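Student: Pasting a structure below so you can have a look.
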Amino acid sequence: MDILGKKRPLNTMEAANIYFNLRKSIAAKGIILGFQQVTKDKKVHKFMSDALNLCNKQIGIFSSILHEANLHSPSLLDTKVTNSKTAPFSDKLMLFHAGFMFNLAMVYYSNAMAASMRVDVITHCEASILRDLKLTTSWGNIMIERGWLEQPPEASDRKELPNN
């Protein structure tokens with residue numbers, strides 16, 4: 001159903017944004033699948049597991065929208081991930097990149113939401129943003145806890161400055 005109350009097929013912008021977000025989620029899933037099997041830190045491993053579950057959920061939701069419209073969805077990359085247990089990068093770098101992908105995903109979902117006139121697409125994008133936000137909060141907490149992320153500089157609190 002679109003914002004005018006009519007059930008209609010996906011328009012090209014909606015289909016393109018869904019397809020793009022699917023490709024992004026599929027790429028993220030492949031990367032995270034590889035990262036998860038080589039992480040040493042238990043909290044980082046759990047984050048990767050949660051991220052993998054979230055990727056699977058997002059892929060399922062957006063694939064189903066395309067399938068309902070008789071459009072194909074991109075192929076998964078799961079078979080491209082080797083079974084290596086040797087980490088090519090540090091847990092810090094892998095966690096940073098995984099978190100970055102989910103932070104960036106929120107921007108792409110926002111773009112898809114703004115370009116859509118179908119309420120179901122808007123709702124799925126909004127829900128995806130909220131799920132990503134929950135995951136990136138966990139990411140930020142781990143990064144800060146491990147000392148891998150610094151607090152950015154803040155503006156002065158003018159209320160706390162002494163009066164002259």
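Residues in the structure tokens are numbered from 1 in each chain, the chains being A, B, ... in the order shown, and ligands are numbered from 1 in the order shown.
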Could you pull the residues within 12 Å of Ser64 (chain A), counting only C-alpha atoms, minus those fewer than 5 positions along the same chain, as an MDAnalysis selection string?
Tutor: chainID A and resid 15 18:19 22 57:59 69:74 120:121 124
Student: Emit the selected residues as an mmCIF file, in the first residue's frame, including C-alpha atoms.
Tutor:
```cif
data_model
loop_
_atom_site.group_PDB
_atom_site.id
_atom_site.type_symbol
_atom_site.label_atom_id
_atom_site.label_comp_id
_atom_site.auth_asym_id
_atom_site.auth_seq_id
_atom_site.Cartn_x
_atom_site.Cartn_y
_atom_site.Cartn_z
ATOM 1 C CA ALA A 15 12.953 -1.701 -6.324
ATOM 2 C CA ILE A 18 15.633 -2.505 -1.983
ATOM 3 C CA TYR A 19 18.010 -4.314 -4.333
ATOM 4 C CA LEU A 22 20.026 -6.295 -0.188
ATOM 5 C CA LYS A 57 16.755 -10.999 9.148
ATOM 6 C CA GLN A 58 17.242 -7.962 6.876
ATOM 7 C CA ILE A 59 18.013 -10.179 3.872
ATOM 8 C CA ALA A 69 6.820 -8.465 -6.859
ATOM 9 C CA ASN A 70 8.206 -11.377 -8.935
ATOM 10 C CA LEU A 71 11.647 -9.764 -8.963
ATOM 11 C CA HIS A 72 14.828 -11.677 -8.209
ATOM 12 C CA SER A 73 17.117 -10.993 -5.301
ATOM 13 C CA PRO A 74 20.920 -11.120 -5.404
ATOM 14 C CA ASP A 120 5.317 -1.269 3.798
ATOM 15 C CA VAL A 121 8.743 -0.353 2.390
ATOM 16 C CA HIS A 124 10.579 -2.077 6.894
#
```
Student: Between CA of Asn103 (chain A) and CA of Val119 (chain A), what is the distance in Å, rounded to a tenth?
Tutor: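 Calculated distance between CA of Asn103 (chain A) and CA of Val119 (chain A) is 23.4 Å.
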Student: What's around Ala27 (chain A) at 10 Å? Count only C-alpha atoms, leave out sequence neighbours fewer than 6 positions away in its own chain, and write the answer as a PDB file with C-alpha atoms, in the first residue's frame.
Tutor:
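Below is the file that was written, part15.pdb:
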```
ATOM      1  CA  ASN A  21      20.202  -2.551   0.378  1.00  0.00           C
ATOM      2  CA  LEU A  33      30.650 -14.550   8.576  1.00  0.00           C
ATOM      3  CA  CYS A  55      21.911  -9.570   8.398  1.00  0.00           C
ATOM      4  CA  LEU A  76      24.322 -14.866  -1.133  1.00  0.00           C
ATOM      5  CA  LEU A  77      28.096 -14.888  -0.749  1.00  0.00           C
ATOM      6  CA  ASP A  78      28.188 -17.485   2.034  1.00  0.00           C
ATOM      7  CA  MET A 101      28.912  -1.173   7.906  1.00  0.00           C
TER       8      MET A 101
END
```
Student: For Asp41 (chain A), which residue among A:Arg118, A:His97, A:Lys92, A:Lys7 is the nearest when counting only C-alpha atoms?
Tutor: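 Answer, going by the shortest atom-to-atom distance: A:Lys92.
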Student: For region 46-53 of chain A, find every residue with an atom within 9 Å (counting only C-alpha atoms), except residues of its own chain fewer than 5 positions away, and show them as a list in words.
Tutor: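 Residues near the query, excluding close chain neighbours: Ala28, Lys29, Gly30, Ile32, Leu33, Phe35, Gln36, Gln37, Thr39, Asp41, Gln58, Leu95, Ala98, Gly99, Phe102, Asp132, Leu135, Ser138, Trp139 and Ile142 of chain A.
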Student: Here is a test: counting only C-alpha atoms, which residue of A:Arg158, A:Asn83, A:Tyr109, A:Ile65 is nearest to Ile129 (chain A)?
Tutor: A:Tyr109
Student: Please report, as a compact mmCIF listing (two decimals) with N, CA and C atoms, in the first residue's frame, each residue of region 47-137 of chain A to which DSSP assigns helix (DSSP H, G or I) when run on this structure's backbone.
Tutor:
```txt
# COMPACT_ATOMS: atom_id res chain seq x y z
N PHE A 47 29.15 -10.18 19.30
CA PHE A 47 28.68 -9.09 18.44
C PHE A 47 28.56 -9.58 17.00
N MET A 48 29.57 -10.30 16.52
CA MET A 48 29.54 -10.80 15.14
C MET A 48 28.38 -11.77 14.95
N SER A 49 28.11 -12.57 15.95
CA SER A 49 26.98 -13.51 15.89
C SER A 49 25.65 -12.74 15.82
N ASP A 50 25.52 -11.72 16.66
CA ASP A 50 24.31 -10.88 16.63
C ASP A 50 24.18 -10.16 15.29
N ALA A 51 25.31 -9.68 14.77
CA ALA A 51 25.31 -8.98 13.48
C ALA A 51 24.91 -9.93 12.35
N LEU A 52 25.39 -11.15 12.42
CA LEU A 52 25.04 -12.16 11.42
C LEU A 52 23.54 -12.46 11.45
N ASN A 53 23.00 -12.60 12.64
CA ASN A 53 21.55 -12.82 12.77
C ASN A 53 20.77 -11.65 12.20
N LEU A 54 21.24 -10.45 12.46
CA LEU A 54 20.56 -9.26 11.94
C LEU A 54 20.63 -9.22 10.42
N CYS A 55 21.78 -9.53 9.87
CA CYS A 55 21.91 -9.57 8.40
C CYS A 55 20.92 -10.56 7.80
N ASN A 56 20.83 -11.74 8.41
CA ASN A 56 19.89 -12.75 7.91
C ASN A 56 18.45 -12.24 7.95
N LYS A 57 18.11 -11.54 9.02
CA LYS A 57 16.76 -11.00 9.15
C LYS A 57 16.48 -9.96 8.06
N GLN A 58 17.43 -9.02 7.88
CA GLN A 58 17.24 -7.96 6.88
C GLN A 58 17.16 -8.57 5.47
N ILE A 59 18.02 -9.53 5.19
CA ILE A 59 18.01 -10.18 3.87
C ILE A 59 16.67 -10.86 3.63
N GLY A 60 16.17 -11.54 4.64
CA GLY A 60 14.88 -12.22 4.50
C GLY A 60 13.74 -11.25 4.23
N ILE A 61 13.71 -10.16 4.96
CA ILE A 61 12.63 -9.18 4.80
C ILE A 61 12.65 -8.55 3.42
N PHE A 62 13.79 -8.05 3.01
CA PHE A 62 13.85 -7.32 1.74
C PHE A 62 13.81 -8.25 0.53
N SER A 63 14.31 -9.47 0.68
CA SER A 63 14.17 -10.45 -0.41
C SER A 63 12.70 -10.78 -0.63
N SER A 64 11.96 -10.91 0.46
CA SER A 64 10.54 -11.27 0.33
C SER A 64 9.76 -10.17 -0.39
N ILE A 65 10.13 -8.91 -0.20
CA ILE A 65 9.44 -7.82 -0.91
C ILE A 65 9.69 -7.95 -2.41
N LEU A 66 10.93 -8.23 -2.79
CA LEU A 66 11.22 -8.42 -4.22
C LEU A 66 10.53 -9.66 -4.77
N HIS A 67 10.53 -10.74 -4.01
CA HIS A 67 9.90 -11.98 -4.49
C HIS A 67 8.40 -11.81 -4.66
N GLU A 68 7.76 -11.08 -3.76
CA GLU A 68 6.33 -10.80 -3.89
C GLU A 68 6.03 -10.04 -5.18
N ASP A 78 27.77 -16.57 0.97
CA ASP A 78 28.19 -17.49 2.03
C ASP A 78 29.19 -18.54 1.55
N THR A 79 29.00 -19.04 0.35
CA THR A 79 29.89 -20.08 -0.16
C THR A 79 31.28 -19.55 -0.52
N LYS A 80 31.42 -18.25 -0.59
CA LYS A 80 32.71 -17.64 -0.93
C LYS A 80 33.62 -17.50 0.30
N ASP A 91 41.06 -8.15 16.09
CA ASP A 91 39.65 -8.04 16.49
C ASP A 91 39.20 -6.59 16.45
N LYS A 92 40.10 -5.69 16.82
CA LYS A 92 39.78 -4.25 16.82
C LYS A 92 39.39 -3.78 15.42
N LEU A 93 40.19 -4.13 14.42
CA LEU A 93 39.91 -3.70 13.06
C LEU A 93 38.65 -4.36 12.51
N MET A 94 38.48 -5.65 12.79
CA MET A 94 37.28 -6.34 12.30
C MET A 94 36.01 -5.76 12.93
N LEU A 95 36.08 -5.49 14.24
CA LEU A 95 34.91 -4.91 14.90
C LEU A 95 34.62 -3.51 14.38
N PHE A 96 35.68 -2.73 14.17
CA PHE A 96 35.49 -1.38 13.63
C PHE A 96 34.76 -1.43 12.29
N HIS A 97 35.23 -2.29 11.39
CA HIS A 97 34.62 -2.37 10.06
C HIS A 97 33.18 -2.89 10.12
N ALA A 98 32.93 -3.87 10.97
CA ALA A 98 31.57 -4.40 11.10
C ALA A 98 30.63 -3.30 11.60
N GLY A 99 31.05 -2.57 12.61
CA GLY A 99 30.22 -1.48 13.13
C GLY A 99 30.01 -0.39 12.11
N PHE A 100 31.06 -0.07 11.36
CA PHE A 100 30.96 0.94 10.32
C PHE A 100 29.91 0.56 9.28
N MET A 101 29.89 -0.72 8.91
CA MET A 101 28.91 -1.17 7.91
C MET A 101 27.48 -0.96 8.40
N PHE A 102 27.22 -1.23 9.67
CA PHE A 102 25.86 -1.06 10.19
C PHE A 102 25.51 0.41 10.39
N ASN A 103 26.50 1.22 10.74
CA ASN A 103 26.25 2.67 10.84
C ASN A 103 25.92 3.24 9.46
N LEU A 104 26.66 2.81 8.46
CA LEU A 104 26.40 3.27 7.10
C LEU A 104 25.07 2.74 6.57
N ALA A 105 24.72 1.53 6.96
CA ALA A 105 23.46 0.94 6.50
C ALA A 105 22.26 1.81 6.90
N MET A 106 22.34 2.43 8.06
CA MET A 106 21.24 3.28 8.49
C MET A 106 21.03 4.45 7.53
N VAL A 107 22.10 4.96 6.97
CA VAL A 107 22.00 6.05 5.99
C VAL A 107 21.30 5.54 4.74
N TYR A 108 21.67 4.35 4.28
CA TYR A 108 21.07 3.79 3.08
C TYR A 108 19.59 3.45 3.28
N TYR A 109 19.25 2.94 4.44
CA TYR A 109 17.83 2.68 4.73
C TYR A 109 17.05 3.99 4.78
N SER A 110 17.66 5.02 5.32
CA SER A 110 17.00 6.34 5.35
C SER A 110 16.75 6.86 3.95
N ASN A 111 17.71 6.68 3.08
CA ASN A 111 17.56 7.10 1.69
C ASN A 111 16.42 6.33 1.01
N ALA A 112 16.39 5.01 1.22
CA ALA A 112 15.32 4.19 0.64
C ALA A 112 13.96 4.61 1.19
N MET A 113 13.93 4.92 2.47
CA MET A 113 12.68 5.34 3.11
C MET A 113 12.20 6.67 2.53
N ALA A 114 13.11 7.60 2.32
CA ALA A 114 12.74 8.92 1.80
C ALA A 114 12.27 8.84 0.34
N ALA A 115 12.80 7.88 -0.41
CA ALA A 115 12.45 7.77 -1.83
C ALA A 115 11.22 6.92 -2.08
N VAL A 119 4.03 2.35 2.03
CA VAL A 119 4.08 2.32 3.48
C VAL A 119 4.82 1.08 3.98
N ASP A 120 4.63 -0.06 3.33
CA ASP A 120 5.32 -1.27 3.80
C ASP A 120 6.84 -1.14 3.66
N VAL A 121 7.31 -0.55 2.58
CA VAL A 121 8.74 -0.35 2.39
C VAL A 121 9.27 0.63 3.43
N ILE A 122 8.55 1.71 3.64
CA ILE A 122 8.95 2.71 4.64
C ILE A 122 9.03 2.07 6.02
N THR A 123 8.04 1.27 6.36
CA THR A 123 7.99 0.61 7.66
C THR A 123 9.15 -0.35 7.84
N HIS A 124 9.46 -1.14 6.81
CA HIS A 124 10.58 -2.08 6.89
C HIS A 124 11.91 -1.34 7.02
N CYS A 125 12.06 -0.24 6.31
CA CYS A 125 13.30 0.55 6.41
C CYS A 125 13.45 1.15 7.81
N GLU A 126 12.36 1.68 8.33
CA GLU A 126 12.40 2.26 9.67
C GLU A 126 12.74 1.20 10.71
N ALA A 127 12.12 0.03 10.61
CA ALA A 127 12.41 -1.06 11.55
C ALA A 127 13.86 -1.51 11.43
N SER A 128 14.39 -1.53 10.20
CA SER A 128 15.78 -1.92 9.98
C SER A 128 16.73 -0.92 10.63
N ILE A 129 16.40 0.35 10.52
CA ILE A 129 17.22 1.39 11.15
C ILE A 129 17.24 1.18 12.67
N LEU A 130 16.09 0.91 13.24
CA LEU A 130 16.02 0.71 14.70
C LEU A 130 16.80 -0.53 15.13
N ARG A 131 16.72 -1.60 14.35
CA ARG A 131 17.50 -2.81 14.68
C ARG A 131 19.00 -2.52 14.56
N ASP A 132 19.39 -1.80 13.50
CA ASP A 132 20.80 -1.44 13.33
C ASP A 132 21.28 -0.53 14.45
N LEU A 133 20.42 0.38 14.88
CA LEU A 133 20.77 1.30 15.96
C LEU A 133 21.03 0.53 17.26
N LYS A 134 20.22 -0.46 17.53
CA LYS A 134 20.42 -1.28 18.73
C LYS A 134 21.76 -2.02 18.65
N LEU A 135 22.06 -2.57 17.47
CA LEU A 135 23.32 -3.29 17.30
C LEU A 135 24.52 -2.36 17.39
N THR A 136 24.42 -1.18 16.79
CA THR A 136 25.56 -0.26 16.83
C THR A 136 25.78 0.32 18.22
N THR A 137 24.76 0.34 19.04
CA THR A 137 24.94 0.75 20.44
C THR A 137 25.81 -0.28 21.14
```
Student: Quick check, in Å to one decimal: how far apart do CA of Gly140 (chain A) and CA of Lys40 (chain A) lie?
Tutor: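 Calculated distance between CA of Gly140 (chain A) and CA of Lys40 (chain A) is 18.3 Å.
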Student: In terms of the shortest atom-to-atom distance over only C-alpha atoms, which of A:Val38, A:Glu145, A:Ile26, A:Ser75 is closest to Pro88 (chain A)?
Tutor: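 Checking each of A:Val38, A:Glu145, A:Ile26, A:Ser75 against Pro88 (chain A), counting only C-alpha atoms, the winner is A:Val38.
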Student: Between CA of Lys43 (chain A) and CA of Met143 (chain A), what is the spacing in Å?
Tutor: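 CA of Lys43 (chain A) lies at a distance of 10.2 Å from CA of Met143 (chain A).
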